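Novice: My structure file work_0.pdb, PDB, C-alpha atoms and all ligand atoms, is below:
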```pdb
MODEL        1
ATOM      1  CA  MET Y   1     -34.873  33.662  17.679  1.00  0.00           C
ATOM      2  CA  MET Y   2     -36.926  32.713  14.612  1.00  0.00           C
ATOM      3  CA  ILE Y   3     -38.132  35.426  12.246  1.00  0.00           C
ATOM      4  CA  LEU Y   4     -41.513  35.310  10.584  1.00  0.00           C
ATOM      5  CA  TYR Y   5     -41.467  37.427   7.443  1.00  0.00           C
ATOM      6  CA  SER Y   6     -45.006  38.596   7.531  1.00  0.00           C
ATOM      7  CA  GLY Y   7     -47.268  41.512   6.554  1.00  0.00           C
ATOM      8  CA  ASP Y   8     -50.104  43.037   8.609  1.00  0.00           C
ATOM      9  CA  LEU Y   9     -52.703  42.618   5.884  1.00  0.00           C
ATOM     10  CA  SER Y  10     -51.404  39.327   4.458  1.00  0.00           C
ATOM     11  CA  PRO Y  11     -54.046  36.745   5.466  1.00  0.00           C
ATOM     12  CA  TYR Y  12     -51.630  33.830   5.142  1.00  0.00           C
ATOM     13  CA  SER Y  13     -49.237  35.637   7.500  1.00  0.00           C
ATOM     14  CA  ALA Y  14     -52.073  36.524   9.888  1.00  0.00           C
ATOM     15  CA  LYS Y  15     -53.003  32.846  10.075  1.00  0.00           C
ATOM     16  CA  VAL Y  16     -49.511  31.900  11.305  1.00  0.00           C
ATOM     17  CA  ARG Y  17     -49.328  34.881  13.668  1.00  0.00           C
ATOM     18  CA  MET Y  18     -52.624  33.864  15.278  1.00  0.00           C
ATOM     19  CA  GLN Y  19     -51.277  30.347  15.799  1.00  0.00           C
ATOM     20  CA  ILE Y  20     -48.092  31.717  17.395  1.00  0.00           C
ATOM     21  CA  TYR Y  21     -50.102  34.033  19.694  1.00  0.00           C
ATOM     22  CA  ALA Y  22     -52.575  31.306  20.643  1.00  0.00           C
ATOM     23  CA  MET Y  23     -49.762  28.876  21.458  1.00  0.00           C
ATOM     24  CA  GLY Y  24     -48.214  31.557  23.683  1.00  0.00           C
ATOM     25  CA  VAL Y  25     -44.813  31.305  21.986  1.00  0.00           C
ATOM     26  CA  ASP Y  26     -44.574  34.803  20.460  1.00  0.00           C
ATOM     27  CA  GLY Y  27     -41.508  35.533  22.609  1.00  0.00           C
ATOM     28  CA  ASP Y  28     -39.553  33.086  20.401  1.00  0.00           C
ATOM     29  CA  PHE Y  29     -40.377  34.951  17.169  1.00  0.00           C
ATOM     30  CA  GLY Y  30     -39.510  38.269  15.581  1.00  0.00           C
ATOM     31  CA  PHE Y  31     -41.948  39.633  12.977  1.00  0.00           C
ATOM     32  CA  GLU Y  32     -40.609  41.539   9.981  1.00  0.00           C
ATOM     33  CA  LEU Y  33     -41.623  42.523   6.495  1.00  0.00           C
ATOM     34  CA  PRO Y  34     -38.809  42.581   3.900  1.00  0.00           C
ATOM     35  CA  VAL Y  35     -40.313  45.782   2.510  1.00  0.00           C
ATOM     36  CA  VAL Y  36     -38.006  46.434  -0.438  1.00  0.00           C
ATOM     37  CA  GLN Y  37     -38.065  42.878  -1.791  1.00  0.00           C
ATOM     38  CA  PHE Y  38     -41.785  42.419  -1.159  1.00  0.00           C
ATOM     39  CA  PHE Y  39     -42.959  45.599  -2.837  1.00  0.00           C
ATOM     40  CA  SER Y  40     -40.537  45.388  -5.752  1.00  0.00           C
ATOM     41  CA  GLY Y  41     -41.530  41.797  -6.541  1.00  0.00           C
ATOM     42  CA  LYS Y  42     -38.081  40.551  -5.589  1.00  0.00           C
ATOM     43  CA  LEU Y  43     -39.034  38.319  -2.689  1.00  0.00           C
ATOM     44  CA  LYS Y  44     -37.673  35.448  -4.798  1.00  0.00           C
ATOM     45  CA  GLU Y  45     -34.234  36.644  -3.722  1.00  0.00           C
ATOM     46  CA  VAL Y  46     -35.245  35.555  -0.210  1.00  0.00           C
ATOM     47  CA  SER Y  47     -37.322  32.476  -1.092  1.00  0.00           C
ATOM     48  CA  PRO Y  48     -37.987  30.956  -4.547  1.00  0.00           C
ATOM     49  CA  ILE Y  49     -41.789  30.942  -4.116  1.00  0.00           C
ATOM     50  CA  GLY Y  50     -41.589  34.707  -3.636  1.00  0.00           C
ATOM     51  CA  ARG Y  51     -44.486  35.038  -1.181  1.00  0.00           C
ATOM     52  CA  ILE Y  52     -44.961  35.749   2.511  1.00  0.00           C
ATOM     53  CA  PRO Y  53     -45.088  34.302   5.104  1.00  0.00           C
ATOM     54  CA  ILE Y  54     -41.601  32.822   5.280  1.00  0.00           C
ATOM     55  CA  LEU Y  55     -40.156  31.461   8.518  1.00  0.00           C
ATOM     56  CA  LYS Y  56     -36.440  31.933   9.109  1.00  0.00           C
ATOM     57  CA  THR Y  57     -35.114  29.268  11.462  1.00  0.00           C
ATOM     58  CA  ASP Y  58     -31.648  28.068  12.467  1.00  0.00           C
ATOM     59  CA  GLU Y  59     -32.290  25.137  10.129  1.00  0.00           C
ATOM     60  CA  GLY Y  60     -33.154  27.288   7.111  1.00  0.00           C
ATOM     61  CA  LEU Y  61     -36.020  29.173   5.464  1.00  0.00           C
ATOM     62  CA  ILE Y  62     -39.515  27.678   5.322  1.00  0.00           C
ATOM     63  CA  PRO Y  63     -42.147  29.076   2.930  1.00  0.00           C
ATOM     64  CA  GLU Y  64     -45.926  28.403   2.738  1.00  0.00           C
ATOM     65  CA  SER Y  65     -48.217  29.207   5.654  1.00  0.00           C
ATOM     66  CA  GLU Y  66     -49.557  25.672   6.081  1.00  0.00           C
ATOM     67  CA  VAL Y  67     -46.054  24.179   6.094  1.00  0.00           C
ATOM     68  CA  ILE Y  68     -44.861  26.811   8.576  1.00  0.00           C
ATOM     69  CA  ALA Y  69     -47.920  26.096  10.748  1.00  0.00           C
ATOM     70  CA  GLU Y  70     -47.098  22.384  10.825  1.00  0.00           C
ATOM     71  CA  TYR Y  71     -43.443  23.104  11.575  1.00  0.00           C
ATOM     72  CA  ILE Y  72     -44.435  25.288  14.552  1.00  0.00           C
ATOM     73  CA  ASP Y  73     -46.812  22.603  15.810  1.00  0.00           C
ATOM     74  CA  GLU Y  74     -43.970  20.075  15.641  1.00  0.00           C
ATOM     75  CA  LEU Y  75     -41.635  22.456  17.457  1.00  0.00           C
ATOM     76  CA  TYR Y  76     -43.987  22.750  20.428  1.00  0.00           C
ATOM     77  CA  PRO Y  77     -45.928  19.457  20.455  1.00  0.00           C
ATOM     78  CA  GLU Y  78     -47.283  20.070  23.957  1.00  0.00           C
ATOM     79  CA  LYS Y  79     -48.845  23.370  22.826  1.00  0.00           C
ATOM     80  CA  SER Y  80     -49.905  22.331  19.327  1.00  0.00           C
ATOM     81  CA  LEU Y  81     -53.359  23.298  18.074  1.00  0.00           C
ATOM     82  CA  VAL Y  82     -54.027  20.216  15.949  1.00  0.00           C
ATOM     83  CA  GLY Y  83     -56.605  18.250  17.907  1.00  0.00           C
ATOM     84  CA  ARG Y  84     -56.547  15.188  20.075  1.00  0.00           C
ATOM     85  CA  THR Y  85     -57.746  12.344  17.856  1.00  0.00           C
ATOM     86  CA  ARG Y  86     -56.966  11.309  14.289  1.00  0.00           C
ATOM     87  CA  LEU Y  87     -60.447  12.291  13.158  1.00  0.00           C
ATOM     88  CA  GLU Y  88     -60.291  15.658  14.930  1.00  0.00           C
ATOM     89  CA  ARG Y  89     -56.959  16.366  13.257  1.00  0.00           C
ATOM     90  CA  ALA Y  90     -58.424  15.428   9.861  1.00  0.00           C
ATOM     91  CA  ASN Y  91     -61.412  17.732  10.436  1.00  0.00           C
ATOM     92  CA  ILE Y  92     -59.151  20.612  11.452  1.00  0.00           C
ATOM     93  CA  ARG Y  93     -57.122  20.134   8.264  1.00  0.00           C
ATOM     94  CA  VAL Y  94     -60.302  20.157   6.168  1.00  0.00           C
ATOM     95  CA  ILE Y  95     -61.334  23.541   7.584  1.00  0.00           C
ATOM     96  CA  SER Y  96     -57.816  24.837   7.207  1.00  0.00           C
ATOM     97  CA  ARG Y  97     -57.863  23.844   3.535  1.00  0.00           C
ATOM     98  CA  ILE Y  98     -61.279  25.447   3.006  1.00  0.00           C
ATOM     99  CA  ALA Y  99     -59.875  28.678   4.484  1.00  0.00           C
ATOM    100  CA  ASP Y 100     -56.696  28.567   2.386  1.00  0.00           C
ATOM    101  CA  ILE Y 101     -57.637  27.082  -0.953  1.00  0.00           C
ATOM    102  CA  TYR Y 102     -61.305  27.875  -1.399  1.00  0.00           C
ATOM    103  CA  LEU Y 103     -61.450  31.237   0.387  1.00  0.00           C
ATOM    104  CA  MET Y 104     -58.126  33.044   0.687  1.00  0.00           C
ATOM    105  CA  ASP Y 105     -56.592  31.882  -2.612  1.00  0.00           C
ATOM    106  CA  ASN Y 106     -59.646  32.905  -4.639  1.00  0.00           C
ATOM    107  CA  ILE Y 107     -60.145  36.211  -2.811  1.00  0.00           C
ATOM    108  CA  PHE Y 108     -56.472  37.009  -3.184  1.00  0.00           C
ATOM    109  CA  LEU Y 109     -56.591  36.349  -6.949  1.00  0.00           C
ATOM    110  CA  ALA Y 110     -59.791  38.386  -7.311  1.00  0.00           C
ATOM    111  CA  LEU Y 111     -58.170  41.332  -5.530  1.00  0.00           C
ATOM    112  CA  SER Y 112     -55.547  41.492  -8.284  1.00  0.00           C
ATOM    113  CA  GLN Y 113     -58.314  43.059 -10.399  1.00  0.00           C
ATOM    114  CA  MET Y 114     -58.177  46.139  -8.166  1.00  0.00           C
ATOM    115  CA  ARG Y 115     -54.672  46.812  -9.372  1.00  0.00           C
ATOM    116  CA  THR Y 116     -55.522  46.733 -13.085  1.00  0.00           C
ATOM    117  CA  ALA Y 117     -56.622  49.777 -15.071  1.00  0.00           C
ATOM    118  CA  GLU Y 118     -59.689  47.944 -16.394  1.00  0.00           C
ATOM    119  CA  PRO Y 119     -60.892  45.289 -13.933  1.00  0.00           C
ATOM    120  CA  ASN Y 120     -62.238  42.191 -15.681  1.00  0.00           C
ATOM    121  CA  GLN Y 121     -65.712  41.532 -14.281  1.00  0.00           C
ATOM    122  CA  GLY Y 122     -65.654  37.979 -15.652  1.00  0.00           C
ATOM    123  CA  ILE Y 123     -62.625  37.153 -13.501  1.00  0.00           C
ATOM    124  CA  ILE Y 124     -64.212  38.763 -10.426  1.00  0.00           C
ATOM    125  CA  ASP Y 125     -67.460  36.820 -10.977  1.00  0.00           C
ATOM    126  CA  LEU Y 126     -65.650  33.504 -11.538  1.00  0.00           C
ATOM    127  CA  LEU Y 127     -63.540  33.835  -8.388  1.00  0.00           C
ATOM    128  CA  SER Y 128     -66.284  35.205  -6.150  1.00  0.00           C
ATOM    129  CA  ALA Y 129     -68.522  32.286  -7.180  1.00  0.00           C
ATOM    130  CA  GLN Y 130     -65.743  29.965  -6.003  1.00  0.00           C
ATOM    131  CA  VAL Y 131     -65.564  31.825  -2.677  1.00  0.00           C
ATOM    132  CA  LEU Y 132     -69.329  31.462  -2.301  1.00  0.00           C
ATOM    133  CA  ARG Y 133     -69.031  27.740  -2.956  1.00  0.00           C
ATOM    134  CA  GLY Y 134     -66.249  27.605  -0.337  1.00  0.00           C
ATOM    135  CA  VAL Y 135     -68.237  29.356   2.398  1.00  0.00           C
ATOM    136  CA  THR Y 136     -71.277  27.212   1.608  1.00  0.00           C
ATOM    137  CA  ALA Y 137     -69.134  24.132   2.281  1.00  0.00           C
ATOM    138  CA  LEU Y 138     -67.734  25.779   5.406  1.00  0.00           C
ATOM    139  CA  GLU Y 139     -71.283  26.281   6.690  1.00  0.00           C
ATOM    140  CA  GLU Y 140     -71.684  22.479   6.695  1.00  0.00           C
ATOM    141  CA  HIS Y 141     -68.375  21.813   8.431  1.00  0.00           C
ATOM    142  CA  LEU Y 142     -68.552  24.456  11.175  1.00  0.00           C
ATOM    143  CA  ALA Y 143     -69.682  23.613  14.679  1.00  0.00           C
ATOM    144  CA  PRO Y 144     -72.877  25.398  15.806  1.00  0.00           C
ATOM    145  CA  GLN Y 145     -71.268  26.559  19.069  1.00  0.00           C
ATOM    146  CA  GLY Y 146     -67.847  27.340  20.469  1.00  0.00           C
ATOM    147  CA  TYR Y 147     -64.729  27.365  18.334  1.00  0.00           C
ATOM    148  CA  ALA Y 148     -64.613  26.118  14.736  1.00  0.00           C
ATOM    149  CA  MET Y 149     -64.417  22.471  15.838  1.00  0.00           C
ATOM    150  CA  GLY Y 150     -66.974  23.013  18.601  1.00  0.00           C
ATOM    151  CA  GLY Y 151     -66.178  23.104  22.278  1.00  0.00           C
ATOM    152  CA  ASP Y 152     -63.805  25.398  24.105  1.00  0.00           C
ATOM    153  CA  LYS Y 153     -60.505  24.646  22.420  1.00  0.00           C
ATOM    154  CA  LEU Y 154     -59.123  26.949  19.788  1.00  0.00           C
ATOM    155  CA  THR Y 155     -57.423  25.010  16.975  1.00  0.00           C
ATOM    156  CA  ARG Y 156     -55.583  25.695  13.743  1.00  0.00           C
ATOM    157  CA  ALA Y 157     -58.997  25.690  12.041  1.00  0.00           C
ATOM    158  CA  ASP Y 158     -59.757  28.992  13.811  1.00  0.00           C
ATOM    159  CA  CYS Y 159     -56.356  30.425  12.904  1.00  0.00           C
ATOM    160  CA  GLY Y 160     -57.104  29.938   9.193  1.00  0.00           C
ATOM    161  CA  LEU Y 161     -60.711  31.042   9.345  1.00  0.00           C
ATOM    162  CA  VAL Y 162     -60.151  34.371  11.088  1.00  0.00           C
ATOM    163  CA  PRO Y 163     -58.124  35.967   8.251  1.00  0.00           C
ATOM    164  CA  ALA Y 164     -60.266  34.249   5.598  1.00  0.00           C
ATOM    165  CA  LEU Y 165     -63.512  35.604   7.055  1.00  0.00           C
ATOM    166  CA  TYR Y 166     -61.880  38.998   7.569  1.00  0.00           C
ATOM    167  CA  MET Y 167     -61.187  39.066   3.825  1.00  0.00           C
ATOM    168  CA  CYS Y 168     -64.797  38.060   3.106  1.00  0.00           C
ATOM    169  CA  GLU Y 169     -66.114  40.906   5.239  1.00  0.00           C
ATOM    170  CA  ARG Y 170     -63.627  43.724   4.784  1.00  0.00           C
ATOM    171  CA  THR Y 171     -61.712  43.305   1.527  1.00  0.00           C
ATOM    172  CA  LEU Y 172     -63.871  41.373  -0.936  1.00  0.00           C
ATOM    173  CA  PRO Y 173     -66.633  44.057  -0.815  1.00  0.00           C
ATOM    174  CA  ARG Y 174     -64.063  46.540  -2.153  1.00  0.00           C
ATOM    175  CA  LEU Y 175     -64.526  44.725  -5.492  1.00  0.00           C
ATOM    176  CA  GLY Y 176     -68.275  45.299  -5.343  1.00  0.00           C
ATOM    177  CA  VAL Y 177     -68.902  41.751  -4.101  1.00  0.00           C
ATOM    178  CA  THR Y 178     -71.323  41.216  -1.191  1.00  0.00           C
ATOM    179  CA  ASN Y 179     -69.824  39.503   1.841  1.00  0.00           C
ATOM    180  CA  PRO Y 180     -70.492  35.860   0.881  1.00  0.00           C
ATOM    181  CA  ILE Y 181     -71.191  34.712   4.462  1.00  0.00           C
ATOM    182  CA  VAL Y 182     -74.328  36.858   4.676  1.00  0.00           C
ATOM    183  CA  GLY Y 183     -77.274  34.451   4.952  1.00  0.00           C
ATOM    184  CA  LEU Y 184     -75.168  31.556   6.282  1.00  0.00           C
ATOM    185  CA  PRO Y 185     -76.319  31.420   9.927  1.00  0.00           C
ATOM    186  CA  LYS Y 186     -73.637  29.135  11.399  1.00  0.00           C
ATOM    187  CA  THR Y 187     -70.787  30.955   9.682  1.00  0.00           C
ATOM    188  CA  GLN Y 188     -72.136  34.398  10.576  1.00  0.00           C
ATOM    189  CA  ALA Y 189     -72.624  33.401  14.221  1.00  0.00           C
ATOM    190  CA  TYR Y 190     -69.133  31.862  14.310  1.00  0.00           C
ATOM    191  CA  TRP Y 191     -67.587  35.047  12.888  1.00  0.00           C
ATOM    192  CA  GLU Y 192     -69.341  37.107  15.583  1.00  0.00           C
ATOM    193  CA  ARG Y 193     -68.161  34.703  18.309  1.00  0.00           C
ATOM    194  CA  ILE Y 194     -64.553  34.277  17.223  1.00  0.00           C
ATOM    195  CA  GLN Y 195     -63.938  38.032  17.118  1.00  0.00           C
ATOM    196  CA  GLN Y 196     -64.317  37.970  20.925  1.00  0.00           C
ATOM    197  CA  ASN Y 197     -61.275  35.716  21.247  1.00  0.00           C
ATOM    198  CA  GLU Y 198     -58.181  37.713  22.267  1.00  0.00           C
ATOM    199  CA  HIS Y 199     -55.855  36.152  19.677  1.00  0.00           C
ATOM    200  CA  ALA Y 200     -58.382  36.603  16.893  1.00  0.00           C
ATOM    201  CA  ALA Y 201     -58.953  40.208  17.993  1.00  0.00           C
ATOM    202  CA  ARG Y 202     -55.203  40.806  17.904  1.00  0.00           C
ATOM    203  CA  VAL Y 203     -54.746  39.638  14.292  1.00  0.00           C
ATOM    204  CA  ILE Y 204     -57.933  41.420  13.210  1.00  0.00           C
ATOM    205  CA  ALA Y 205     -56.512  44.663  14.665  1.00  0.00           C
ATOM    206  CA  GLU Y 206     -53.245  44.033  12.789  1.00  0.00           C
ATOM    207  CA  MET Y 207     -55.117  43.405   9.545  1.00  0.00           C
ATOM    208  CA  ASP Y 208     -57.165  46.578  10.096  1.00  0.00           C
ATOM    209  CA  ARG Y 209     -53.920  48.493  10.627  1.00  0.00           C
ATOM    210  CA  GLY Y 210     -52.591  47.086   7.329  1.00  0.00           C
ATOM    211  CA  LEU Y 211     -55.799  47.924   5.492  1.00  0.00           C
ATOM    212  CA  LYS Y 212     -55.796  51.457   6.874  1.00  0.00           C
ATOM    213  CA  ALA Y 213     -52.159  51.960   5.817  1.00  0.00           C
ATOM    214  CA  ARG Y 214     -53.018  50.732   2.326  1.00  0.00           C
ATOM    215  CA  LEU Y 215     -56.044  53.009   2.022  1.00  0.00           C
ATOM    216  CA  ASP Y 216     -54.610  56.192   3.551  1.00  0.00           C
ATOM    217  CA  GLY Y 217     -51.384  56.087   1.526  1.00  0.00           C
ATOM    218  CA  SER Y 218     -49.069  55.610   4.537  1.00  0.00           C
ATOM    219  CA  GLU Y 219     -48.026  52.161   3.253  1.00  0.00           C
ATOM    220  CA  GLN Y 220     -47.015  53.690  -0.070  1.00  0.00           C
ATOM    221  CA  ARG Y 221     -45.000  56.403   1.685  1.00  0.00           C
ATOM    222  CA  MET Y 222     -43.267  53.838   3.912  1.00  0.00           C
ATOM    223  CA  VAL Y 223     -42.384  51.720   0.844  1.00  0.00           C
ATOM    224  CA  ALA Y 224     -41.064  54.732  -1.096  1.00  0.00           C
ATOM    225  CA  GLU Y 225     -38.918  55.703   1.883  1.00  0.00           C
ATOM    226  CA  ALA Y 226     -37.513  52.158   2.228  1.00  0.00           C
ATOM    227  CA  MET Y 227     -36.777  51.995  -1.532  1.00  0.00           C
ATOM    228  CA  LYS Y 228     -34.980  55.344  -1.379  1.00  0.00           C
ATOM    229  CA  LYS Y 229     -32.850  54.192   1.538  1.00  0.00           C
ATOM    230  CA  ALA Y 230     -32.018  50.902  -0.207  1.00  0.00           C
ATOM    231  CA  ALA Y 231     -31.022  52.746  -3.403  1.00  0.00           C
ATOM    232  CA  ALA Y 232     -28.853  55.197  -1.431  1.00  0.00           C
ATOM    233  CA  GLY Y 233     -27.239  52.246   0.368  1.00  0.00           C
ATOM    234  CA  LYS Y 234     -26.366  50.637  -2.987  1.00  0.00           C
ATOM    235  CA  GLU Y 235     -24.791  53.853  -4.295  1.00  0.00           C
ATOM    236  CA  ALA Y 236     -22.709  54.403  -1.155  1.00  0.00           C
TER     237      ALA Y 236
HETATM  238  N1  LIG S   1     -49.878  29.592  -0.546  1.00  0.00           N
HETATM  239  C1  LIG S   1     -49.146  30.664   0.078  1.00  0.00           C
HETATM  240  C2  LIG S   1     -49.730  32.001  -0.352  1.00  0.00           C
HETATM  241  C3  LIG S   1     -48.925  33.175   0.168  1.00  0.00           C
HETATM  242  C4  LIG S   1     -49.235  34.485  -0.571  1.00  0.00           C
HETATM  243  O1  LIG S   1     -49.808  34.499  -1.663  1.00  0.00           O
HETATM  244  N2  LIG S   1     -48.814  35.586   0.046  1.00  0.00           N
HETATM  245  C5  LIG S   1     -49.008  36.889  -0.564  1.00  0.00           C
HETATM  246  C6  LIG S   1     -49.287  37.949   0.486  1.00  0.00           C
HETATM  247  S1  LIG S   1     -50.826  37.694   1.254  1.00  0.00           S
HETATM  248  C7  LIG S   1     -47.725  37.308  -1.267  1.00  0.00           C
HETATM  249  O2  LIG S   1     -46.654  37.175  -0.729  1.00  0.00           O
HETATM  250  N3  LIG S   1     -47.829  37.864  -2.471  1.00  0.00           N
HETATM  251  C8  LIG S   1     -46.701  38.357  -3.201  1.00  0.00           C
HETATM  252  C9  LIG S   1     -46.855  38.085  -4.658  1.00  0.00           C
HETATM  253  O3  LIG S   1     -47.859  37.512  -5.060  1.00  0.00           O
HETATM  254  O4  LIG S   1     -45.915  38.462  -5.380  1.00  0.00           O
HETATM  255  C10 LIG S   1     -49.163  30.476   1.607  1.00  0.00           C
HETATM  256  O5  LIG S   1     -50.075  29.812   2.103  1.00  0.00           O
HETATM  257  O6  LIG S   1     -48.249  30.977   2.286  1.00  0.00           O
ENDMDL
END
```
Show the structure stored in the file as structure tokens.
Specialist:
Amino acid sequence: MMILYSGDLSPYSAKVRMQIYAMGVDGDFGFELPVVQFFSGKLKEVSPIGRIPILKTDEGLIPESEVIAEYIDELYPEKSLVGRTRLERANIRVISRIADIYLMDNIFLALSQMRTAEPNQGIIDLLSAQVLRGVTALEEHLAPQGYAMGGDKLTRADCGLVPALYMCERTLPRLGVTNPIVGLPKTQAYWERIQQNEHAARVIAEMDRGLKARLDGSEQRMVAEAMKKAAAGKEA
């Protein structure tokens, strides 16, 4: 069995989980969070990049959500979510890159300001302007009906967009930034539609669970407990 090192609230992890659920191969994967390493900044002991998701396979460890996503598509070519034609595949990759690079990466960096004693408004403004530019481009690329690529077939484009748009709606506003998709009719309608999909709803519920645990302190308690156990294990 492969293990996906993954966190509920991690959008990059959620993207890969949605792909696994939508391909119907979740029985082949275990999902774990290496709590002690992740929360003590020591994930580099597991993988040099030091970030989740990481896929543990019989062949070795694979970091980076997009690389993991491609690996999973190659593992199950008959179930892959990459599109039928060369152009369709290119378009799916474009949306996937918008979700990753222009939305999630910038939101993720902006959120770091929540963990500093004196948040730097200049950094928040710079990064949220980049997110706005990203969603404005997305508005042009999105199909007006159906899934992200149009039609009735969910693709990897949807798997990237669901966590990215979740962050736009539910985490970015915690920095005082308005949800950037407000006023973008195609993107707003897509976000409403995609939440009805069972696999999207599943990762959204997982992300909500992660957000709740972060906000109500239960994540902190779980981490403290795991750290205590690890320390006791080292002493024994
Ligand atoms: N480009 C990476 C980004 C992964 C990433 O930044 N993951 C976050 C969690 S959402 C992380 O592990 N952060 C730990 C850290 O920054 O130390 C990917 O697509 O997998």
Novice: Quick one: apply the PyMOL selection byres (((chain Y and resi 151-168) around 9) and not hetatm) to the file and drop the selected residues here as number ranges by chain.
Specialist: Y: 9-19, 22, 69, 80-83, 91-100, 103-104, 107-108, 131, 143, 145-150, 169-173, 178-181, 191, 194-195, 199-200, 203-204, 207
Novice: Restricting the calculation to only C-alpha atoms, which member of Y:Phe31, Y:Ala129, Y:Asn106, Y:Glu66 is positioned closest to Y:Asp8?
Specialist: Y:Phe31
Novice: Might you pull out every residue within 12 Å of Y:Ala226, with only C-alpha atoms counted and same-chain residues fewer than 6 positions away left off, and present them as a list in words?
Specialist: Leu33, Pro34, Val35, Val36, Gln37, Phe38, Phe39, Ser40, Glu219, Gln220, Ala232 and Gly233 of chain Y
Novice: Using atom CA of Y:Gly27 and atom CA of Y:Ile52 as the two end points, give the distance in Å to one decimal.
Specialist: 20.4 Å
Novice: Padding 6 Å on every side, please: axis-aligned box over the listed atoms of ligand LIG 1 (chain S), centre and edge lengths to one decimal in Å, as lines of an AutoDock Vina configuration file.
Specialist:
```
center_x = -48.4
center_y = 34.0
center_z = -1.5
size_x = 16.9
size_y = 20.9
size_z = 19.7
```
Novice: Of the candidates Y:Leu138, Y:Ile62, Y:Ile20, Y:Ala231, which shows the shortest atom-to-atom distance to ligand LIG 1 (chain S), using all atoms listed in the file?
Specialist: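 Using all atoms listed in the file, ligand LIG 1 (chain S) sits closest to Y:Ile62.
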Novice: Residues within 10 Å of Y:Leu55, please, as a list in words. Count only C-alpha atoms; anything in the same chain fewer than 5 positions from it doesn't count.
Specialist: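 Neighbouring residues, sequence-local ones excluded: Met2, Ile3, Leu4, Tyr5, Ser6, Val16, Phe29, Gly30, Phe31, Gly60, Leu61, Ile62, Pro63, Glu64, Ser65, Val67, Ile68, Ala69, Tyr71 and Ile72 of chain Y.
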Novice: Select, from Y:Gly210, Y:Gly41, Y:Gly183, Y:Gly24, the residue with the minimum atom-to-atom distance to ligand LIG 1 (chain S), counting only C-alpha atoms and all ligand atoms.
Specialist: Y:Gly41
Novice: So what do you get for atom CA of Y:Met114 versus atom CA of Y:Lys212, distance-wise?
Specialist: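 Distance between the two atoms: 16.1 Å.
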Novice: Which is closer to ligand LIG 1 (chain S) than all the others in Y:Glu235, Y:Asp26, Y:Asp105, Y:Glu88, using only C-alpha atoms and all ligand atoms?
Specialist: Y:Asp105
Novice: Between atom CA of Y:Lys44 and atom CA of Y:Gly7, measure the distance and give it in Å to one decimal.
Specialist: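 Going from atom CA of Y:Lys44 over to atom CA of Y:Gly7 covers 16.1 Å.
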